[in-house]
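Participant: One structure coming up, written as structure tokens, with questions to follow.
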Amino acid sequence: MVEITSPEFKANARLAMGDGQLQQALGHVRTNFINKRAEAKANLDEFDELRDSATAIKDHVLEHLDLYLEKYEEKVIASGGHVHWAATADDACKQILDICRSVGAKSVTKGKSMISEEIALNDALSAAGIEPVETDLGEYIIQLRGEHPSHIIAPAVHLNMDQVRDDFIKHHTHLPADRPLNEPETLLREARAILREKFLNADVGITGANFLIAETGTSVIVTNEGNGDLTQTLPKIHIVIASIEKIVPTLEDMSQIVRVLARSATGQDMSVYTTLSTGPRREDDPDGPEEYHVVLLDNGRSSMLGTEFQDMLRCIRCGACMNHCPVYHAIGGHAYGWVYPGPMGAVLSPSLIGVDKAGHLPNASTFCGRCEDVCPMHIPLPKMMRHWREREFEKHLSPMTQRASIRGWAWVAKRPFLYRMMASASARFLWLLGGVNHRIKSLPFAWGWTRHRDMPAPEGSTFMSQWRERQARDAGDL
Amino acid sequence: MSNSMPKNPRVALFVTCLVDLFRPSVGFASVKLLEDAGCDLDVPMCQTCCGQPAWNSGDRADTRDLAEAVIRNFEDYDYIVAPSGSCAGMLKKHYPEVFKGDELWESRVERFSEKVYELTSFLVDVMKVEKVDAVLKADITYHDSCAGLRELGIQEQPRKLVSSIKGVTMTEMKNSDVCCGFGGTFAVKYSEISNSIVTTKTGHIKETSAKMLLAGDLGCLLNMAGKLRRENSNIEVRHVAEVLAGMVDNAPIGQRTPKGGGR
Ligand code: SF4
């Protein structure tokens with residue numbers, strides 16, 4: 001498994017906020033993604049209706065997931081492919097390694113896949129002496145750097161052009177060091193030239209899947225670079241690695257959801273490539289793999305069914321929630337400490353790696369609701385983060401002091417008379433502290449607050465006591 | 001209730017714990033606005049807090065106790081109005097969730113929640129207030145607090161009323177609909193992230209020509225005012241109810257009383 005640093009979320013976040021290069025790179029998320037989505041939404045009148053129907057499709061699937069999975073398996077087998085069920089990340093890696101070993105694979109090309117990150121496939125492959133080659137440009141860059149994606153659709157969004165150029169110069173040592181590398185296009189061209197070689201030498205190609213279609217046994221990837229197509233058609237073996245909730249019933253359903261996917265993600269009407277693959281190469285096909293395998297990963301998802309977290313399984317990994325998240329904007333993706341960042345990660349990660357490890361994530365939200373607002377699948381992300389907080393509270397996982405202060409405060413709030421007295425005392429005390437400037441520069445019991453901003457002082461007495469006086473005065477006047 | 005609105009509806013003011021403690025003048029401004037609009041206003045004395053801090057901390061049991069008390073104290077009024085989108089959202093949108101699955105309470109909560117409104121939306125949407133009498137020469141920018149905006153759809157209502165103040169110019173800031181980083185206990189628990197978010201926000205506020213910042217939620221206002229003060233900005237910060245009611249003689253949030261006691 002990828003190293004989990006979610007328990008150190010606060011320290012991660014602090015580092016990220018102090019990282020000038022990262023902060024500069026995040027500008028792309030803060031503006032471009034948001035503007036493009038807004039434009040795409042504005043240009044499609046039926047956008048919100050499409051969201052509703054996309055949501056309904058996935059809800060239906062989740063109610064009958066077993067049925068559609070069986071149907072899908074049947075169809076894959078009928079088209080000459082193989083289906084492997086993986087309960088855990090380790091199972092999935094093992095199955096993939098077995099397939100690779102069956103052809104003595106030395107090199108594997110890979111399309112972009114978050115599931116591959118989730119199961120730490122690259123580590124497993126490397127440990128078995130098989131070279132994994134990421135072919136998506138962003139993934140290729142972070143593989144060079146030995147990093148993990150910081151965003152689910154833009155894995156290298158935390159980097160600037162200059163950093164990438166330096167990496168290319170450092171790693172592509174067979175090329176002259178003084179070559180011009182100042183444009184994104186030149187970088188892309190250089191990466192492509194290197195990858196071409198890799199594509200031709202790969203024994204196995206591994207892709208993810210945005211959708212699995214039950215009626216036909218087809219897997220679908222949507223990409224912008226075309227690398228996925230080369231990954232899956234050139235090598236002898238194509239392995240699709242996908243999680244079980246990627247299923248949709250029909251091609252028609254898929255084409256509905258695709259219409260909200262790219263719009264929500266990058267603001268494109270459609271991504272450049274939408275590639276469907278069904279089984280291995282047939283006799284009259286011009287190209288295609290000899291073997292076609294699908295590894296279906298559960299890894300904790302089926303235990304979300306029927307719980308308050310089921311809605312999360314509607315997620316189509318568009319990234320809109322993180323693109324619009326003020327917390328993600330402040331700290332980027334790596335600070336979340338595991339594969340899935342942003343609001344979707346704050347809900348999903350506790351399900352997959354345990355709330356004991358990922359407990360910070362659902363707490364580190366202002367509940368501003370922007371994520372839910374833009375989520376094409378209407379996933380109530382803040383509500384589900386709150387469910388996690390409830391679980392933590394029930395299990396006494398929330399910090400002691402926090403628990404005690406909430407419980408103590410609630411105890412008082414349930415006793416209006418006592419509450420009145422305490423509120424009046426606090427109003428007076430804080431007012432005194434505020435002095436003529438009406439603000440408090442430092443408060444030991446609200447240190448987190450006053451470290452960064454002043455605490456405006458109250459006006460001296462509470463509304464309720466002033467109101468009571470006013471009522472008494474009015475009554476006296478009568 | 002909304003179909004057959006009485007001419008002078010009996011309205012209960014839900015003061016909110018922050019207004020009670022930090023800024024009673026917002027409560028009095030709300031009283032004035034509601035009474036001017038023709039409401040028969042009352043302030044139930046047993047009120048404390050809506051329970052949102054417990055709710056957002058995952059403490060369901062305490063939330064439920066506090067919510068029951070609020071419903072008991074307020075359900076007999078025609079309307080319940082709060083000068084806060086966040087607290088009104090709690091009463092209107094989250095209470096049904098708190099009691100979900102409890103048949104004894106569900107319909108009772110539903111009847112209660114239907115009658116809850118945030119102040120500016122109540123004035124505009126229910127009482128059909130078109131303008132206020134206040135006069136104020138000021139260049140104003142408005143921050144949309146998240147709960148009001150996204151849970152209750154409040155965006156036009158405060159702007160409509162503020163624009164009706166004689167002498168006011170409205171200058172929109174960039175990303176007025178983006179969170180200020182308050183988030184209740186978030187501001188203390190994740191204070192550094194909160195600080196980064198509010199710094200972006202005050203940056204956008206200061207980019208405008210506005211000399212006064214308004215919003216409809218005291219939590220956000222305390223956060224933004226606190227940051228602006230720390231940054232030595234002298235932009236005045238007030239709750240929207242104060243300017244709508246023409247009650248601006250007191251000190252702005254976190255600032256000295258204006259010279260001469262106001263304008
Ligand atoms: S939670 Fe919604 S917005 Fe976020 S990635 Fe999933 S589908 Fe997209």
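Letters for chains follow the order of the structure tokens (A, B, ...), residue numbers begin at 1 for each chain, and ligand numbers begin at 1 in the order shown.
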Residues of chain B were defined as contacting chain A if any atom lay at most 7 Å from it, counting only C-alpha atoms; please report them as JSON, numbers by chain.

Facilitator: {"B": [20, 21, 22, 23, 24, 27, 46, 47, 48, 49, 54, 56, 57, 58, 59, 62, 66, 146, 147, 150, 179, 181, 182, 183, 186, 187, 188, 189, 190, 191, 193, 195, 196, 197, 222, 226, 227, 229, 230, 253, 254, 255, 256]}

Participant: Could you write out the selected residues, including N, CA and C atoms, as a CSV table (one decimal), in the first residue's frame?

Facilitator:
```
chain,number,residue,atom,x,y,z
B,20,ASP,N,-26.2,36.9,20.3
B,20,ASP,CA,-26.5,37.1,21.7
B,20,ASP,C,-25.2,37.6,22.5
B,21,LEU,N,-24.1,36.8,22.2
B,21,LEU,CA,-22.9,37.1,23.0
B,21,LEU,C,-22.1,38.2,22.4
B,22,PHE,N,-21.9,38.3,21.1
B,22,PHE,CA,-20.9,39.2,20.5
B,22,PHE,C,-21.5,40.5,20.0
B,23,ARG,N,-22.7,40.4,19.5
B,23,ARG,CA,-23.2,41.6,18.8
B,23,ARG,C,-24.7,41.8,19.0
B,24,PRO,N,-25.2,42.1,20.2
B,24,PRO,CA,-26.6,42.3,20.4
B,24,PRO,C,-27.2,43.3,19.4
B,27,GLY,N,-29.2,41.9,16.8
B,27,GLY,CA,-30.5,41.4,17.3
B,27,GLY,C,-31.5,42.6,17.2
B,46,CYS,N,-36.3,31.3,26.3
B,46,CYS,CA,-35.6,30.1,26.7
B,46,CYS,C,-34.5,29.7,25.7
B,47,GLN,N,-34.4,30.5,24.6
B,47,GLN,CA,-33.4,30.1,23.6
B,47,GLN,C,-32.0,30.2,24.0
B,48,THR,N,-31.2,29.2,23.5
B,48,THR,CA,-29.7,29.3,23.7
B,48,THR,C,-29.0,29.2,22.4
B,49,CYS,N,-28.9,28.0,21.9
B,49,CYS,CA,-28.1,27.8,20.6
B,49,CYS,C,-28.8,26.7,19.8
B,54,ALA,N,-22.4,21.1,18.0
B,54,ALA,CA,-22.5,19.7,18.4
B,54,ALA,C,-22.7,18.9,17.1
B,56,ASN,N,-22.0,19.5,14.0
B,56,ASN,CA,-20.8,19.4,13.1
B,56,ASN,C,-19.6,18.7,13.8
B,57,SER,N,-19.7,18.5,15.1
B,57,SER,CA,-18.7,17.7,15.8
B,57,SER,C,-19.0,16.2,15.9
B,58,GLY,N,-20.2,15.9,15.3
B,58,GLY,CA,-20.5,14.5,15.3
B,58,GLY,C,-21.3,14.0,16.6
B,59,ASP,N,-21.7,15.0,17.4
B,59,ASP,CA,-22.3,14.7,18.6
B,59,ASP,C,-23.9,14.8,18.4
B,62,ASP,N,-26.4,15.2,21.8
B,62,ASP,CA,-26.6,16.6,22.3
B,62,ASP,C,-27.3,17.5,21.3
B,66,LEU,N,-30.8,19.6,22.0
B,66,LEU,CA,-30.9,21.1,21.8
B,66,LEU,C,-32.0,21.4,20.8
B,146,CYS,N,-21.6,30.8,3.2
B,146,CYS,CA,-21.8,29.6,2.5
B,146,CYS,C,-23.1,29.0,2.8
B,147,ALA,N,-23.5,28.8,4.0
B,147,ALA,CA,-24.7,28.1,4.4
B,147,ALA,C,-25.9,28.8,3.8
B,150,ARG,N,-25.7,28.4,-0.2
B,150,ARG,CA,-25.9,27.1,-0.8
B,150,ARG,C,-27.0,26.2,-0.2
B,179,CYS,N,-15.9,30.5,0.3
B,179,CYS,CA,-15.9,30.4,1.8
B,179,CYS,C,-14.8,31.4,2.4
B,181,GLY,N,-13.4,30.7,5.3
B,181,GLY,CA,-12.5,29.9,6.1
B,181,GLY,C,-12.9,29.8,7.5
B,182,PHE,N,-14.1,30.3,7.9
B,182,PHE,CA,-14.5,30.3,9.3
B,182,PHE,C,-14.9,28.8,9.7
B,183,GLY,N,-16.0,28.3,9.2
B,183,GLY,CA,-16.3,26.9,9.4
B,183,GLY,C,-16.5,26.5,10.9
B,186,PHE,N,-13.7,24.7,12.9
B,186,PHE,CA,-12.7,24.6,12.0
B,186,PHE,C,-11.6,25.7,12.1
B,187,ALA,N,-12.1,26.9,12.4
B,187,ALA,CA,-11.2,28.1,12.5
B,187,ALA,C,-10.2,27.9,13.6
B,188,VAL,N,-10.6,27.1,14.6
B,188,VAL,CA,-9.6,26.9,15.7
B,188,VAL,C,-8.9,25.6,15.5
B,189,LYS,N,-9.6,24.5,15.1
B,189,LYS,CA,-9.0,23.2,15.0
B,189,LYS,C,-7.9,23.2,13.8
B,190,TYR,N,-8.3,23.8,12.7
B,190,TYR,CA,-7.4,23.9,11.6
B,190,TYR,C,-7.0,25.3,11.3
B,191,SER,N,-6.5,26.0,12.3
B,191,SER,CA,-6.4,27.4,12.3
B,191,SER,C,-5.4,27.9,11.1
B,193,ILE,N,-5.0,26.5,8.1
B,193,ILE,CA,-5.7,26.4,6.9
B,193,ILE,C,-6.7,27.5,6.8
B,195,ASN,N,-6.6,30.2,8.3
B,195,ASN,CA,-5.9,31.5,8.1
B,195,ASN,C,-5.6,31.7,6.6
B,196,SER,N,-5.1,30.6,5.9
B,196,SER,CA,-4.8,30.8,4.5
B,196,SER,C,-6.1,31.2,3.7
B,197,ILE,N,-7.2,30.5,4.0
B,197,ILE,CA,-8.4,30.8,3.3
B,197,ILE,C,-8.9,32.3,3.6
B,222,LEU,N,-16.9,37.8,12.1
B,222,LEU,CA,-15.9,37.9,13.2
B,222,LEU,C,-14.6,37.4,12.6
B,226,GLY,N,-11.7,40.0,12.1
B,226,GLY,CA,-10.5,39.7,12.9
B,226,GLY,C,-9.3,39.7,12.0
B,227,LYS,N,-9.4,39.2,10.8
B,227,LYS,CA,-8.2,39.2,9.9
B,227,LYS,C,-7.9,40.6,9.4
B,229,ARG,N,-8.5,43.4,10.8
B,229,ARG,CA,-7.9,44.2,11.9
B,229,ARG,C,-6.4,43.8,12.1
B,230,ARG,N,-6.2,42.5,12.0
B,230,ARG,CA,-4.8,42.0,12.2
B,230,ARG,C,-3.9,42.6,11.0
B,253,ILE,N,-17.6,46.0,13.8
B,253,ILE,CA,-17.1,44.8,14.5
B,253,ILE,C,-15.6,44.9,14.6
B,254,GLY,N,-15.1,44.7,15.9
B,254,GLY,CA,-13.7,44.7,16.1
B,254,GLY,C,-13.0,46.1,15.9
B,255,GLN,N,-13.7,47.2,16.0
B,255,GLN,CA,-13.1,48.5,15.7
B,255,GLN,C,-13.6,49.5,16.8
B,256,ARG,N,-12.9,50.6,16.9
B,256,ARG,CA,-13.3,51.7,17.8
B,256,ARG,C,-14.6,52.3,17.3
```

Participant: List the neighbours of range 116-125 of chain B out to 6 Å using only C-alpha atoms; skip same-chain residues closer than 6 positions along the sequence, and give me the result as a PyMOL selection string.

Facilitator: chain B and resi 79-85+88+92+157-158

Participant: What do you get as a list in words if you pick all residues at most 8 Å from ligand 1, counting only C-alpha atoms and all ligand atoms?

Facilitator: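 The neighbouring residues of ligand 1 are, in order, Ile152, Leu261, Ser264, Ala265, Met312, Arg314, Cys315, Ile316, Arg317, Cys318, Gly319, Ala320, Cys321, Met322, Gly342, Pro343, Met344, Cys371, Glu372, Val374, Cys375, Pro376, Met377, His378, Ile379 and Leu381 of chain A.
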
Participant: Run DSSP on the backbone and tell me which residues of range 156-242 of chain A come out as strand (DSSP E or B); list them as a PyMOL selection string.

Facilitator: chain A and resi 204-207+211-213+218-223+237-242

Participant: Env of range 124-139 of chain A: 10 Å cut, atoms = only C-alpha atoms, seq-sep filter 2 positions within chain, self excluded. Answer as a ChimeraX atom specification.

Facilitator: /A:1,90,93-94,96-97,100-101,104-113,119-122,141-145,147-149,153-157,159,164,187-188,191-192,194-196,198-199,202-206,223-228,230-231

Participant: Please produce a file of the residues just selected, as a tab-separated table (two decimals), in the first residue's frame, where the atoms kept are C-alpha atoms.

Facilitator:
```
chain	number	residue	atom	x	y	z
A	1	MET	CA	0.00	0.00	0.00
A	90	ASP	CA	-2.85	-7.34	-2.38
A	93	CYS	CA	-1.50	-6.95	-7.32
A	94	LYS	CA	-0.97	-10.66	-7.09
A	96	ILE	CA	-1.76	-8.79	-12.11
A	97	LEU	CA	1.71	-10.13	-11.36
A	100	CYS	CA	2.52	-10.62	-16.26
A	101	ARG	CA	4.64	-13.59	-15.24
A	104	GLY	CA	7.53	-13.49	-18.79
A	105	ALA	CA	6.84	-9.77	-18.97
A	106	LYS	CA	9.78	-7.41	-18.46
A	107	SER	CA	8.04	-4.15	-19.15
A	108	VAL	CA	4.51	-2.90	-18.64
A	109	THR	CA	3.01	0.28	-20.05
A	110	LYS	CA	0.30	1.94	-18.06
A	111	GLY	CA	-2.56	4.31	-18.76
A	112	LYS	CA	-3.67	6.63	-16.02
A	113	SER	CA	-5.44	4.81	-13.21
A	119	ILE	CA	-3.22	-0.80	-4.81
A	120	ALA	CA	0.34	0.54	-5.20
A	121	LEU	CA	0.76	-1.48	-8.35
A	122	ASN	CA	3.98	0.17	-9.47
A	141	ILE	CA	6.45	13.19	-14.81
A	142	ILE	CA	5.60	12.19	-11.28
A	143	GLN	CA	6.97	8.71	-11.87
A	144	LEU	CA	10.29	10.32	-12.83
A	145	ARG	CA	10.14	12.26	-9.59
A	147	GLU	CA	5.97	11.04	-6.40
A	148	HIS	CA	2.28	10.25	-6.26
A	149	PRO	CA	-0.55	12.13	-7.98
A	153	ILE	CA	-7.35	13.96	-13.02
A	154	ALA	CA	-4.27	16.20	-13.12
A	155	PRO	CA	-1.66	14.14	-11.29
A	156	ALA	CA	1.17	16.66	-11.71
A	157	VAL	CA	-0.86	19.79	-11.05
A	159	LEU	CA	4.33	21.18	-10.39
A	164	VAL	CA	9.32	19.54	-15.12
A	187	LEU	CA	8.14	18.72	-23.23
A	188	LEU	CA	5.26	16.66	-24.55
A	191	ALA	CA	8.16	12.53	-23.52
A	192	ARG	CA	6.36	11.05	-26.52
A	194	ILE	CA	10.83	8.37	-25.25
A	195	LEU	CA	7.52	6.64	-24.64
A	196	ARG	CA	7.25	5.44	-28.24
A	198	LYS	CA	8.52	1.89	-24.42
A	199	PHE	CA	5.18	1.26	-26.09
A	202	ALA	CA	5.96	-3.49	-23.57
A	203	ASP	CA	4.71	-7.00	-22.96
A	204	VAL	CA	1.62	-5.97	-21.08
A	205	GLY	CA	-0.52	-2.83	-21.12
A	206	ILE	CA	-2.51	-1.86	-18.07
A	223	THR	CA	-8.38	10.44	-22.00
A	224	ASN	CA	-6.88	13.46	-23.68
A	225	GLU	CA	-3.53	12.20	-24.88
A	226	GLY	CA	-4.28	8.97	-26.70
A	227	ASN	CA	-1.68	7.18	-24.63
A	228	GLY	CA	-4.34	4.87	-23.25
A	230	LEU	CA	-1.50	2.70	-27.43
A	231	THR	CA	-1.21	1.12	-24.00
```

Participant: Report, in Å with one decimal, the straight-line distance from CA of Gly51 in chain B to CA of Leu13 in chain B.

Facilitator: 16.3 Å

Participant: Need the shell around Val61 in chain A: protein/DNA/RNA residues with any atom at most 12 Å away, counting only C-alpha atoms. Skip same-chain ones fewer than 3 positions apart. Format as number ranges by chain?

Facilitator: A: 54-58, 64-69, 71, 212-214, 244-250, 253-254, 305, 310-311, 313-314

Participant: Now that the selection is made, can you save its residues with N, CA, C and O atoms as a short mmCIF file (atom, residue, chain, number, x, y, z; two decimals), in the first residue's frame?

Facilitator:
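For reference, result.cif as written:
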```cif
data_model
loop_
_atom_site.label_atom_id
_atom_site.label_comp_id
_atom_site.auth_asym_id
_atom_site.auth_seq_id
_atom_site.Cartn_x
_atom_site.Cartn_y
_atom_site.Cartn_z
N ALA A 54 -27.73 11.11 -14.53
CA ALA A 54 -26.50 10.37 -14.22
C ALA A 54 -26.56 9.82 -12.80
O ALA A 54 -26.19 8.66 -12.55
N THR A 55 -27.05 10.63 -11.90
CA THR A 55 -27.17 10.20 -10.51
C THR A 55 -28.13 9.02 -10.39
O THR A 55 -27.84 8.02 -9.71
N ALA A 56 -29.25 9.12 -11.10
CA ALA A 56 -30.25 8.05 -11.03
C ALA A 56 -29.69 6.73 -11.58
O ALA A 56 -29.93 5.65 -11.03
N ILE A 57 -28.90 6.85 -12.65
CA ILE A 57 -28.32 5.63 -13.24
C ILE A 57 -27.44 4.92 -12.21
O ILE A 57 -27.56 3.72 -11.97
N LYS A 58 -26.57 5.69 -11.58
CA LYS A 58 -25.64 5.07 -10.62
C LYS A 58 -26.38 4.56 -9.39
O LYS A 58 -26.02 3.51 -8.84
N HIS A 64 -28.42 -2.72 -7.42
CA HIS A 64 -28.39 -4.05 -8.04
C HIS A 64 -26.98 -4.40 -8.48
O HIS A 64 -26.78 -5.02 -9.52
N LEU A 65 -26.01 -4.01 -7.69
CA LEU A 65 -24.62 -4.13 -8.12
C LEU A 65 -24.23 -5.57 -8.44
O LEU A 65 -23.60 -5.85 -9.46
N ASP A 66 -24.65 -6.50 -7.58
CA ASP A 66 -24.27 -7.90 -7.79
C ASP A 66 -24.76 -8.40 -9.14
O ASP A 66 -24.05 -9.05 -9.90
N LEU A 67 -26.00 -8.02 -9.43
CA LEU A 67 -26.60 -8.46 -10.68
C LEU A 67 -25.83 -7.95 -11.89
O LEU A 67 -25.49 -8.70 -12.81
N TYR A 68 -25.52 -6.65 -11.87
CA TYR A 68 -24.81 -6.08 -13.02
C TYR A 68 -23.39 -6.59 -13.12
O TYR A 68 -22.85 -6.76 -14.22
N LEU A 69 -22.76 -6.86 -11.98
CA LEU A 69 -21.40 -7.40 -12.03
C LEU A 69 -21.40 -8.79 -12.66
O LEU A 69 -20.53 -9.11 -13.48
N LYS A 71 -23.59 -9.98 -14.76
CA LYS A 71 -23.90 -9.80 -16.18
C LYS A 71 -22.62 -9.38 -16.92
O LYS A 71 -22.30 -9.91 -17.99
N LEU A 212 -17.46 0.44 -16.84
CA LEU A 212 -17.56 -0.93 -17.30
C LEU A 212 -19.02 -1.11 -17.70
O LEU A 212 -19.92 -0.79 -16.92
N ILE A 213 -19.24 -1.61 -18.89
CA ILE A 213 -20.62 -1.67 -19.37
C ILE A 213 -21.15 -3.10 -19.29
O ILE A 213 -20.61 -4.02 -19.93
N ALA A 214 -22.19 -3.27 -18.50
CA ALA A 214 -22.68 -4.62 -18.21
C ALA A 214 -23.26 -5.30 -19.44
O ALA A 214 -23.04 -6.48 -19.67
N ILE A 244 -15.25 -2.06 -8.45
CA ILE A 244 -16.54 -2.65 -8.80
C ILE A 244 -17.64 -1.63 -9.10
O ILE A 244 -18.57 -1.92 -9.84
N GLU A 245 -17.52 -0.41 -8.54
CA GLU A 245 -18.62 0.54 -8.73
C GLU A 245 -18.56 1.27 -10.06
O GLU A 245 -19.38 2.13 -10.35
N LYS A 246 -17.59 0.88 -10.92
CA LYS A 246 -17.49 1.52 -12.23
C LYS A 246 -18.55 1.01 -13.21
O LYS A 246 -18.63 1.48 -14.35
N ILE A 247 -19.32 0.06 -12.79
CA ILE A 247 -20.32 -0.56 -13.67
C ILE A 247 -21.46 0.39 -14.03
O ILE A 247 -21.94 1.12 -13.17
N VAL A 248 -21.84 0.39 -15.30
CA VAL A 248 -23.13 0.96 -15.70
C VAL A 248 -23.85 -0.08 -16.55
O VAL A 248 -23.21 -0.91 -17.18
N PRO A 249 -25.19 -0.04 -16.58
CA PRO A 249 -25.90 -1.09 -17.30
C PRO A 249 -25.64 -1.10 -18.80
O PRO A 249 -25.29 -2.13 -19.36
N THR A 250 -25.79 0.04 -19.47
CA THR A 250 -25.78 0.01 -20.93
C THR A 250 -24.86 1.08 -21.52
O THR A 250 -24.43 2.01 -20.83
N ASP A 253 -26.37 4.42 -21.06
CA ASP A 253 -26.12 5.00 -19.73
C ASP A 253 -24.75 5.66 -19.68
O ASP A 253 -24.58 6.75 -19.15
N MET A 254 -23.77 4.96 -20.24
CA MET A 254 -22.42 5.49 -20.24
C MET A 254 -22.38 6.82 -20.98
O MET A 254 -21.81 7.79 -20.50
N LEU A 305 -21.81 -0.38 0.76
CA LEU A 305 -23.19 -0.55 0.28
C LEU A 305 -24.13 -0.67 1.47
O LEU A 305 -23.82 -1.33 2.45
N GLN A 310 -22.96 4.86 1.02
CA GLN A 310 -23.21 4.27 -0.30
C GLN A 310 -23.16 5.31 -1.42
O GLN A 310 -22.61 5.04 -2.49
N ASP A 311 -23.71 6.49 -1.18
CA ASP A 311 -23.75 7.52 -2.24
C ASP A 311 -22.36 7.84 -2.80
O ASP A 311 -22.22 8.27 -3.94
N LEU A 313 -20.21 5.90 -3.72
CA LEU A 313 -19.87 4.98 -4.81
C LEU A 313 -20.42 5.47 -6.16
O LEU A 313 -20.17 4.86 -7.18
N ARG A 314 -21.16 6.55 -6.14
CA ARG A 314 -21.59 7.14 -7.41
C ARG A 314 -20.46 7.91 -8.09
O ARG A 314 -20.55 8.28 -9.25
#
```

Participant: Give me the residues near Ser219 in chain A as JSON, numbers by chain, where near means some atom within 8 Å (using only C-alpha atoms) and where sequence neighbours in that chain fewer than 3 positions away do not count.

Facilitator: {"A": [209, 210, 211, 212, 213, 240, 276, 277, 278]}

Participant: Please, what distance in Å, to one decimal, runs between CA of Asp269 in chain A and CA of Gly208 in chain A?

Facilitator: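 CA of Gly208 in chain A lies at a distance of 21.3 Å from CA of Asp269 in chain A.
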
Participant: So that I can check the surroundings of Lys100 in chain B, please list as a PyMOL selection string every protein, DNA and RNA residue that reaches within 12 Å of it, counting only C-alpha atoms and ignoring chain neighbours fewer than 6 positions away.

Facilitator: chain B and resi 60+64+93-94+106-110

Participant: Which residues are close to Gly246 in chain B, i.e. within 9 Å by only C-alpha atoms, leaving aside same-chain residues fewer than 6 positions away? Reply as number ranges by chain.

Facilitator: B: 29, 132-136, 165

Participant: For Leu214 in chain B, which of B:Thr169, B:Tyr142, B:Asn250, B:Asn234 is the closest residue, counting only C-alpha atoms?

Facilitator: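 Closest to Leu214 in chain B, using only C-alpha atoms: B:Tyr142.
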